Amino acid sequence: MVYGGGGIIVSSIELNNDNFESEVLQSPVPVLIDFWAPWCGPCKMIGPVIDQIAAEYSGQIKVGKINIDENSILAEQHGITSIPTLIVYKNGEMAAQKNGAAPKHDIESLFKNLI
């Protein structure tokens, strides 16, 4: 959870099977999804960066996280074989993907041309 401008709390959305269609496929803005698990060291490493991106790009993109242990169906549907995996959706379709931990500028490069 990160504080955005004006003291507003900005954080990523916990995505699951129930809200994936409404939050991702029907989103009017691009969606950055972080597939992660609580036991994953590299996931913990990029977690604060993902939250920072959620705050900095609030209103331009939506940021969501999918815990693969709790949402194995979504992980399987996306062919997730290693984590962290970052996927960007735009207009209901997958637009970019990156596997593994990455610095902030690499993560931003996944969606900057889509906003």
# chains A, B, ... in the order shown; residues from 1 in each chain; ligands from 1
>>> residues_around(residues="A:His105", least_positions_apart="4", cutoff="12 Å", atoms="only C-alpha atoms", output="list in words")
Ile46, Val49, Ile50, Gln52, Ile53, Ala101, Ser109, Leu110, Phe111 and Lys112 of chain A
>>> write_last_selection(atoms="C-alpha atoms", output="PDB file, in the first residue's frame")
ATOM      1  CA  ILE A  46       9.494  -6.324  -6.707  1.00  0.00           C
ATOM      2  CA  VAL A  49       8.064  -1.400  -6.957  1.00  0.00           C
ATOM      3  CA  ILE A  50       4.686  -2.654  -8.191  1.00  0.00           C
ATOM      4  CA  GLN A  52       5.005   2.428  -6.334  1.00  0.00           C
ATOM      5  CA  ILE A  53       3.944   2.079  -9.986  1.00  0.00           C
ATOM      6  CA  ALA A 101      12.114  -9.787 -11.244  1.00  0.00           C
ATOM      7  CA  SER A 109       8.464  -0.236 -20.484  1.00  0.00           C
ATOM      8  CA  LEU A 110       5.776  -2.952 -20.556  1.00  0.00           C
ATOM      9  CA  PHE A 111       2.949  -0.406 -20.465  1.00  0.00           C
ATOM     10  CA  LYS A 112       4.265   3.120 -21.157  1.00  0.00           C
TER      11      LYS A 112
END
>>> select_by_dssp(residues="chain A", states="helix (DSSP H, G or I)", output="PyMOL selection string")
chain A and resi 5-7+20-25+41-56+72-77+104-109+112-114
>>> residues_around(residues="A:Asn99", least_positions_apart="6", cutoff="7 Å", atoms="only C-alpha atoms", output="CSV table (one decimal) with N, CA and C atoms, in the first residue's frame")
chain,number,residue,atom,x,y,z
A,83,ILE,N,7.5,-17.5,-11.4
A,83,ILE,CA,7.0,-16.2,-10.8
A,83,ILE,C,8.2,-15.4,-10.3
A,84,PRO,N,8.2,-14.1,-10.2
A,84,PRO,CA,7.1,-13.3,-10.7
A,84,PRO,C,6.9,-13.3,-12.2
A,85,THR,N,5.7,-13.2,-12.7
A,85,THR,CA,5.4,-12.9,-14.1
A,85,THR,C,4.5,-11.7,-14.1
A,86,LEU,N,4.9,-10.8,-15.0
A,86,LEU,CA,4.1,-9.6,-15.2
A,86,LEU,C,3.4,-9.6,-16.5
>>> select_by_dssp(residues="chain A", states="strand (DSSP E)", output="PyMOL selection string")
chain A and resi 2-3+9-10+13-14+31-36+62-67+85-90+93-99
